[in-house]
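Reviewing the structure listed below.
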Amino acid sequence: MAQSKEQRILEFVKENAAKGDPQSVVDHIDKYCNQKEWAMNVGDEKGLILDKVFTETNPTTVLELGTYCGYSAIRMAQLMKQGSRLLTVESKPEHAAVAKQLIEFAGVQDKVQILEGATETIIPSLKTKYEVDQVDFVFIDHFKNFYTSDTKLLEKCGLLKKGSVLLADNVVYPGAPDFLEYVRTSGHYDCTNYPSHVEYSDKLDAMEKAVFKGN
(Lines give C-alpha, C1' and ligand atoms only; values in the text may rest on other atoms or scores of the structure.)
Protein backbone atom coordinates (compact mmCIF):
# COMPACT_ATOMS: atom_id res chain seq x y z
CA MET A 1 0.00 0.00 0.00
CA ALA A 2 1.32 3.44 -0.93
CA GLN A 3 2.41 5.24 2.21
CA SER A 4 0.16 8.31 2.19
CA LYS A 5 -3.50 8.88 1.41
CA GLU A 6 -2.51 11.34 -1.29
CA GLN A 7 -0.27 8.75 -2.96
CA ARG A 8 -3.09 6.20 -2.77
CA ILE A 9 -5.37 8.69 -4.56
CA LEU A 10 -2.68 9.14 -7.22
CA GLU A 11 -2.30 5.37 -7.72
CA PHE A 12 -6.09 4.90 -7.95
CA VAL A 13 -6.34 7.60 -10.62
CA LYS A 14 -3.40 6.21 -12.62
CA GLU A 15 -4.91 2.72 -12.55
CA ASN A 16 -8.51 3.69 -13.36
CA ALA A 17 -8.83 7.11 -15.02
CA ALA A 18 -8.28 7.95 -18.69
CA LYS A 19 -4.91 9.61 -19.18
CA GLY A 20 -5.18 13.08 -20.74
CA ASP A 21 -8.85 13.42 -19.73
CA PRO A 22 -9.22 16.01 -16.93
CA GLN A 23 -12.86 15.14 -16.23
CA SER A 24 -12.01 11.46 -15.87
CA VAL A 25 -9.27 12.35 -13.37
CA VAL A 26 -11.64 14.59 -11.35
CA ASP A 27 -14.37 11.91 -11.40
CA HIS A 28 -12.01 9.20 -10.18
CA ILE A 29 -10.66 11.37 -7.35
CA ASP A 30 -14.28 11.93 -6.30
CA LYS A 31 -15.00 8.21 -6.59
CA TYR A 32 -12.02 7.32 -4.40
CA CYS A 33 -12.91 9.92 -1.76
CA ASN A 34 -16.58 8.95 -1.72
CA GLN A 35 -15.95 5.20 -1.51
CA LYS A 36 -12.58 4.69 0.17
CA GLU A 37 -10.99 7.59 2.08
CA TRP A 38 -12.19 11.13 2.74
CA ALA A 39 -9.83 13.84 1.47
CA MET A 40 -9.96 17.65 1.52
CA ASN A 41 -10.56 18.32 -2.18
CA VAL A 42 -13.27 20.86 -2.96
CA GLY A 43 -15.30 17.81 -4.05
CA ASP A 44 -18.15 17.18 -6.44
CA GLU A 45 -20.91 19.31 -4.85
CA LYS A 46 -18.87 22.47 -4.17
CA GLY A 47 -16.98 21.76 -7.39
CA LEU A 48 -20.13 22.67 -9.31
CA ILE A 49 -20.21 26.05 -7.51
CA LEU A 50 -16.55 26.55 -8.40
CA ASP A 51 -17.31 25.66 -12.04
CA LYS A 52 -20.22 28.13 -12.16
CA VAL A 53 -18.38 31.10 -10.63
CA PHE A 54 -15.23 30.34 -12.61
CA THR A 55 -17.10 30.14 -15.93
CA GLU A 56 -19.02 33.36 -15.20
CA THR A 57 -15.73 35.14 -14.45
CA ASN A 58 -14.02 33.74 -17.60
CA PRO A 59 -10.56 34.55 -16.19
CA THR A 60 -7.22 34.81 -18.00
CA THR A 61 -4.95 34.86 -14.94
CA VAL A 62 -5.90 32.56 -12.07
CA LEU A 63 -4.35 32.16 -8.63
CA GLU A 64 -5.10 29.26 -6.31
CA LEU A 65 -4.03 29.29 -2.66
CA GLY A 66 -3.74 25.66 -1.57
CA THR A 67 -3.11 23.07 -4.29
CA TYR A 68 -3.43 19.93 -2.18
CA CYS A 69 -3.61 17.07 -4.77
CA GLY A 70 -4.43 19.33 -7.71
CA TYR A 71 -8.14 18.45 -7.88
CA SER A 72 -9.46 22.02 -8.15
CA ALA A 73 -6.55 23.11 -10.38
CA ILE A 74 -7.47 20.34 -12.84
CA ARG A 75 -11.14 21.23 -12.51
CA MET A 76 -10.44 24.90 -13.33
CA ALA A 77 -7.85 24.14 -16.03
CA GLN A 78 -10.35 22.26 -18.17
CA LEU A 79 -12.61 25.36 -18.14
CA MET A 80 -9.83 27.81 -19.01
CA LYS A 81 -9.71 29.52 -22.38
CA GLN A 82 -6.68 29.35 -24.64
CA GLY A 83 -3.77 31.47 -23.45
CA SER A 84 -4.87 31.49 -19.79
CA ARG A 85 -2.61 30.53 -16.91
CA LEU A 86 -3.21 29.16 -13.44
CA LEU A 87 -0.67 29.57 -10.67
CA THR A 88 -1.33 27.35 -7.67
CA VAL A 89 0.52 27.72 -4.36
CA GLU A 90 1.25 24.73 -2.12
CA SER A 91 3.31 24.83 1.06
CA LYS A 92 3.70 21.06 1.55
CA PRO A 93 6.26 19.44 -0.82
CA GLU A 94 4.64 16.00 -0.56
CA HIS A 95 1.29 17.41 -1.71
CA ALA A 96 2.91 19.42 -4.49
CA ALA A 97 4.65 16.25 -5.76
CA VAL A 98 1.35 14.35 -5.98
CA ALA A 99 -0.41 17.33 -7.56
CA LYS A 100 2.30 17.63 -10.22
CA GLN A 101 1.80 14.01 -11.25
CA LEU A 102 -2.00 14.27 -11.28
CA ILE A 103 -1.92 17.52 -13.28
CA GLU A 104 0.41 15.88 -15.82
CA PHE A 105 -1.72 12.72 -15.95
CA ALA A 106 -4.78 14.92 -16.65
CA GLY A 107 -2.86 16.63 -19.47
CA VAL A 108 -3.26 20.20 -18.18
CA GLN A 109 0.38 20.87 -17.23
CA ASP A 110 0.68 23.56 -19.94
CA LYS A 111 -1.95 25.67 -18.16
CA VAL A 112 -1.01 25.03 -14.53
CA GLN A 113 2.14 26.02 -12.67
CA ILE A 114 2.68 24.84 -9.10
CA LEU A 115 4.52 27.31 -6.87
CA GLU A 116 5.97 25.59 -3.82
CA GLY A 117 6.20 27.64 -0.66
CA ALA A 118 4.30 29.82 1.76
CA THR A 119 1.66 32.21 0.44
CA GLU A 120 3.06 35.15 2.43
CA THR A 121 6.35 34.72 0.55
CA ILE A 122 4.99 33.89 -2.91
CA ILE A 123 2.21 36.50 -3.17
CA PRO A 124 4.64 39.47 -2.92
CA SER A 125 6.87 37.87 -5.58
CA LEU A 126 4.14 37.22 -8.18
CA LYS A 127 4.74 40.46 -10.09
CA THR A 128 8.54 40.33 -10.12
CA LYS A 129 9.27 36.60 -10.24
CA TYR A 130 6.26 35.20 -12.11
CA GLU A 131 5.30 38.15 -14.36
CA VAL A 132 1.78 38.42 -12.98
CA ASP A 133 0.31 41.88 -13.39
CA GLN A 134 -3.07 41.33 -11.75
CA VAL A 135 -5.30 38.30 -11.19
CA ASP A 136 -8.83 37.82 -12.48
CA PHE A 137 -9.80 34.96 -10.19
CA VAL A 138 -8.47 33.69 -6.85
CA PHE A 139 -9.54 30.37 -5.36
CA ILE A 140 -8.81 30.41 -1.63
CA ASP A 141 -8.70 26.95 -0.10
CA HIS A 142 -5.63 26.70 2.13
CA PHE A 143 -5.13 27.41 5.86
CA LYS A 144 -8.25 29.19 7.14
CA ASN A 145 -6.21 31.44 9.47
CA PHE A 146 -4.43 32.87 6.39
CA TYR A 147 -7.57 33.75 4.40
CA THR A 148 -7.79 37.34 5.67
CA SER A 149 -4.08 38.14 5.80
CA ASP A 150 -3.52 36.76 2.29
CA THR A 151 -6.52 38.70 0.95
CA LYS A 152 -5.08 41.91 2.42
CA LEU A 153 -1.67 40.98 0.98
CA LEU A 154 -3.19 40.59 -2.50
CA GLU A 155 -4.65 44.09 -2.12
CA LYS A 156 -1.41 45.58 -0.78
CA CYS A 157 0.63 44.06 -3.62
CA GLY A 158 -1.73 45.53 -6.23
CA LEU A 159 -2.71 42.11 -7.56
CA LEU A 160 -6.46 42.77 -7.50
CA LYS A 161 -8.27 45.00 -9.99
CA LYS A 162 -11.87 46.11 -10.20
CA GLY A 163 -13.87 42.96 -10.91
CA SER A 164 -11.30 40.46 -9.60
CA VAL A 165 -13.21 37.55 -8.07
CA LEU A 166 -12.20 35.77 -4.87
CA LEU A 167 -13.91 32.46 -4.13
CA ALA A 168 -13.23 31.02 -0.68
CA ASP A 169 -14.00 27.46 0.39
CA ASN A 170 -14.86 26.12 3.86
CA VAL A 171 -16.14 29.44 5.20
CA VAL A 172 -18.64 27.64 7.48
CA TYR A 173 -16.72 24.43 8.26
CA PRO A 174 -14.03 24.52 9.55
CA GLY A 175 -14.98 28.18 9.16
CA ALA A 176 -13.32 31.50 8.40
CA PRO A 177 -15.34 34.06 10.40
CA ASP A 178 -12.69 36.80 10.32
CA PHE A 179 -12.45 36.50 6.53
CA LEU A 180 -16.23 36.74 6.13
CA GLU A 181 -16.35 39.78 8.41
CA TYR A 182 -13.53 41.45 6.47
CA VAL A 183 -14.87 40.96 2.93
CA ARG A 184 -18.43 41.77 3.96
CA THR A 185 -17.68 44.92 5.99
CA SER A 186 -14.48 46.42 4.53
CA GLY A 187 -16.32 48.16 1.70
CA HIS A 188 -13.91 46.70 -0.88
CA TYR A 189 -16.07 43.78 -2.01
CA ASP A 190 -19.50 42.74 -3.23
CA CYS A 191 -20.20 39.36 -1.63
CA THR A 192 -22.36 36.33 -2.41
CA ASN A 193 -22.68 33.27 -0.20
CA TYR A 194 -23.23 29.80 -1.65
CA PRO A 195 -24.51 27.36 1.00
CA SER A 196 -23.36 23.79 0.45
CA HIS A 197 -21.87 20.83 2.33
CA VAL A 198 -18.42 19.72 3.37
CA GLU A 199 -16.86 17.64 0.59
CA TYR A 200 -18.07 14.02 0.53
CA SER A 201 -20.28 14.67 3.57
CA ASP A 202 -23.67 15.99 4.68
CA LYS A 203 -22.11 18.49 7.12
CA LEU A 204 -23.11 22.09 6.32
CA ASP A 205 -20.54 24.36 4.70
CA ALA A 206 -20.51 27.27 2.25
CA MET A 207 -18.37 29.12 -0.27
CA GLU A 208 -18.06 32.91 -0.34
CA LYS A 209 -17.61 34.89 -3.53
CA ALA A 210 -16.13 38.37 -3.07
CA VAL A 211 -15.82 40.68 -6.08
CA PHE A 212 -13.23 43.44 -5.64
CA LYS A 213 -14.72 46.91 -6.21
CA GLY A 214 -11.38 48.59 -6.89
CA ASN A 215 -9.36 51.05 -4.86
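We name chains A, B, ... following the order of the C-alpha coordinates; residues begin at 1 in each chain, and ligands are numbered from 1 as shown.
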
#### Entry: Test item: residues at most 7 Å from region 151-165 of chain A, only C-alpha atoms, excluding those fewer than 2 positions along its chain, as number ranges by chain
A: 123-124, 133-138, 147-149, 167, 209-214

Run DSSP on the backbone and grab whatever in region 63-109 of chain A lands in strand (DSSP E or B); send it over as a PDB file with all heavy atoms, in the first residue's frame.
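Saved result, out.pdb, follows:
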ATOM      1  N   LEU A  63      -5.209  32.506  -9.746  1.00  0.00           N
ATOM      2  CA  LEU A  63      -4.346  32.164  -8.625  1.00  0.00           C
ATOM      3  C   LEU A  63      -5.125  31.252  -7.688  1.00  0.00           C
ATOM      4  O   LEU A  63      -6.270  31.538  -7.342  1.00  0.00           O
ATOM      5  CB  LEU A  63      -3.918  33.439  -7.880  1.00  0.00           C
ATOM      6  CG  LEU A  63      -3.056  33.255  -6.618  1.00  0.00           C
ATOM      7  CD1 LEU A  63      -1.698  32.655  -6.951  1.00  0.00           C
ATOM      8  CD2 LEU A  63      -2.889  34.592  -5.888  1.00  0.00           C
ATOM      9  N   GLU A  64      -4.493  30.149  -7.299  1.00  0.00           N
ATOM     10  CA  GLU A  64      -5.096  29.262  -6.308  1.00  0.00           C
ATOM     11  C   GLU A  64      -4.190  29.208  -5.087  1.00  0.00           C
ATOM     12  O   GLU A  64      -2.980  29.008  -5.216  1.00  0.00           O
ATOM     13  CB  GLU A  64      -5.271  27.847  -6.884  1.00  0.00           C
ATOM     14  CG  GLU A  64      -5.828  26.865  -5.863  1.00  0.00           C
ATOM     15  CD  GLU A  64      -6.007  25.461  -6.424  1.00  0.00           C
ATOM     16  OE1 GLU A  64      -5.073  24.916  -7.059  1.00  0.00           O
ATOM     17  OE2 GLU A  64      -7.098  24.904  -6.223  1.00  0.00           O
ATOM     18  N   LEU A  65      -4.778  29.393  -3.917  1.00  0.00           N
ATOM     19  CA  LEU A  65      -4.031  29.292  -2.661  1.00  0.00           C
ATOM     20  C   LEU A  65      -4.404  27.966  -2.011  1.00  0.00           C
ATOM     21  O   LEU A  65      -5.509  27.804  -1.491  1.00  0.00           O
ATOM     22  CB  LEU A  65      -4.368  30.479  -1.749  1.00  0.00           C
ATOM     23  CG  LEU A  65      -4.181  31.871  -2.364  1.00  0.00           C
ATOM     24  CD1 LEU A  65      -4.524  32.951  -1.341  1.00  0.00           C
ATOM     25  CD2 LEU A  65      -2.761  32.070  -2.894  1.00  0.00           C
ATOM     26  N   ARG A  85      -3.558  31.231 -17.782  1.00  0.00           N
ATOM     27  CA  ARG A  85      -2.609  30.532 -16.912  1.00  0.00           C
ATOM     28  C   ARG A  85      -3.139  30.476 -15.497  1.00  0.00           C
ATOM     29  O   ARG A  85      -3.826  31.390 -15.033  1.00  0.00           O
ATOM     30  CB  ARG A  85      -1.227  31.202 -16.956  1.00  0.00           C
ATOM     31  CG  ARG A  85      -1.194  32.617 -16.403  1.00  0.00           C
ATOM     32  CD  ARG A  85       0.112  33.357 -16.692  1.00  0.00           C
ATOM     33  NE  ARG A  85       1.277  32.805 -16.022  1.00  0.00           N
ATOM     34  CZ  ARG A  85       2.223  33.561 -15.458  1.00  0.00           C
ATOM     35  NH1 ARG A  85       2.158  34.890 -15.494  1.00  0.00           N
ATOM     36  NH2 ARG A  85       3.261  33.011 -14.876  1.00  0.00           N
ATOM     37  N   LEU A  86      -2.797  29.375 -14.817  1.00  0.00           N
ATOM     38  CA  LEU A  86      -3.210  29.162 -13.444  1.00  0.00           C
ATOM     39  C   LEU A  86      -1.958  28.911 -12.612  1.00  0.00           C
ATOM     40  O   LEU A  86      -1.191  27.998 -12.905  1.00  0.00           O
ATOM     41  CB  LEU A  86      -4.154  27.948 -13.370  1.00  0.00           C
ATOM     42  CG  LEU A  86      -4.920  27.678 -12.063  1.00  0.00           C
ATOM     43  CD1 LEU A  86      -6.046  26.688 -12.324  1.00  0.00           C
ATOM     44  CD2 LEU A  86      -4.046  27.138 -10.950  1.00  0.00           C
ATOM     45  N   LEU A  87      -1.767  29.745 -11.619  1.00  0.00           N
ATOM     46  CA  LEU A  87      -0.668  29.567 -10.671  1.00  0.00           C
ATOM     47  C   LEU A  87      -1.258  29.062  -9.368  1.00  0.00           C
ATOM     48  O   LEU A  87      -2.171  29.684  -8.811  1.00  0.00           O
ATOM     49  CB  LEU A  87       0.055  30.900 -10.440  1.00  0.00           C
ATOM     50  CG  LEU A  87       0.651  31.559 -11.687  1.00  0.00           C
ATOM     51  CD1 LEU A  87       1.085  32.977 -11.394  1.00  0.00           C
ATOM     52  CD2 LEU A  87       1.829  30.757 -12.206  1.00  0.00           C
ATOM     53  N   THR A  88      -0.771  27.932  -8.886  1.00  0.00           N
ATOM     54  CA  THR A  88      -1.326  27.350  -7.673  1.00  0.00           C
ATOM     55  C   THR A  88      -0.230  27.181  -6.626  1.00  0.00           C
ATOM     56  O   THR A  88       0.841  26.664  -6.927  1.00  0.00           O
ATOM     57  CB  THR A  88      -2.068  26.023  -7.966  1.00  0.00           C
ATOM     58  OG1 THR A  88      -2.580  25.474  -6.743  1.00  0.00           O
ATOM     59  CG2 THR A  88      -1.201  24.995  -8.675  1.00  0.00           C
ATOM     60  N   VAL A  89      -0.490  27.659  -5.421  1.00  0.00           N
ATOM     61  CA  VAL A  89       0.522  27.725  -4.361  1.00  0.00           C
ATOM     62  C   VAL A  89       0.290  26.601  -3.344  1.00  0.00           C
ATOM     63  O   VAL A  89      -0.822  26.442  -2.825  1.00  0.00           O
ATOM     64  CB  VAL A  89       0.471  29.093  -3.634  1.00  0.00           C
ATOM     65  CG1 VAL A  89       1.593  29.186  -2.600  1.00  0.00           C
ATOM     66  CG2 VAL A  89       0.556  30.250  -4.634  1.00  0.00           C
ATOM     67  N   GLU A  90       1.341  25.830  -3.090  1.00  0.00           N
ATOM     68  CA  GLU A  90       1.249  24.727  -2.124  1.00  0.00           C
ATOM     69  C   GLU A  90       2.471  24.742  -1.216  1.00  0.00           C
ATOM     70  O   GLU A  90       3.607  24.749  -1.677  1.00  0.00           O
ATOM     71  CB  GLU A  90       1.159  23.381  -2.869  1.00  0.00           C
ATOM     72  CG  GLU A  90       1.134  22.161  -1.969  1.00  0.00           C
ATOM     73  CD  GLU A  90       0.061  22.202  -0.883  1.00  0.00           C
ATOM     74  OE1 GLU A  90      -1.130  22.419  -1.213  1.00  0.00           O
ATOM     75  OE2 GLU A  90       0.420  22.044   0.301  1.00  0.00           O
TER      76      GLU A  90
END

### Task
Going by DSSP on the backbone, which bits of region 100-205 of chain A are alpha helix (DSSP H)? Write them as a count of residues only, please.
35

### Message
Please determine, counting only C-alpha atoms, which residue among A:Met76, A:Ala18, A:Ala96, A:Val25 has the shortest atom-to-atom distance to Phe54 (chain A).
### Response
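Of A:Met76, A:Ala18, A:Ala96, A:Val25, the one nearest Phe54 (chain A) is A:Met76, counting only C-alpha atoms.
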
#### Entry: Residues within 7 Å of region 39-50 of chain A, only C-alpha atoms, excluding chain neighbours under 4 positions, as a list of chain:residue names
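Residues near the query, excluding close chain neighbours: A:Asp30, A:Cys33, A:Phe54, A:Tyr71, A:Ser72, A:Ser196, A:Glu199, A:Tyr200.
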
### Query
Which is closer to Glu208 (chain A) than all the others in A:Val132, A:Leu102, A:Val183, A:Val112, using only C-alpha atoms?
A:Val183

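Here CA of Tyr194 (chain A) and CA of Leu166 (chain A) stand 12.9 Å from one another.
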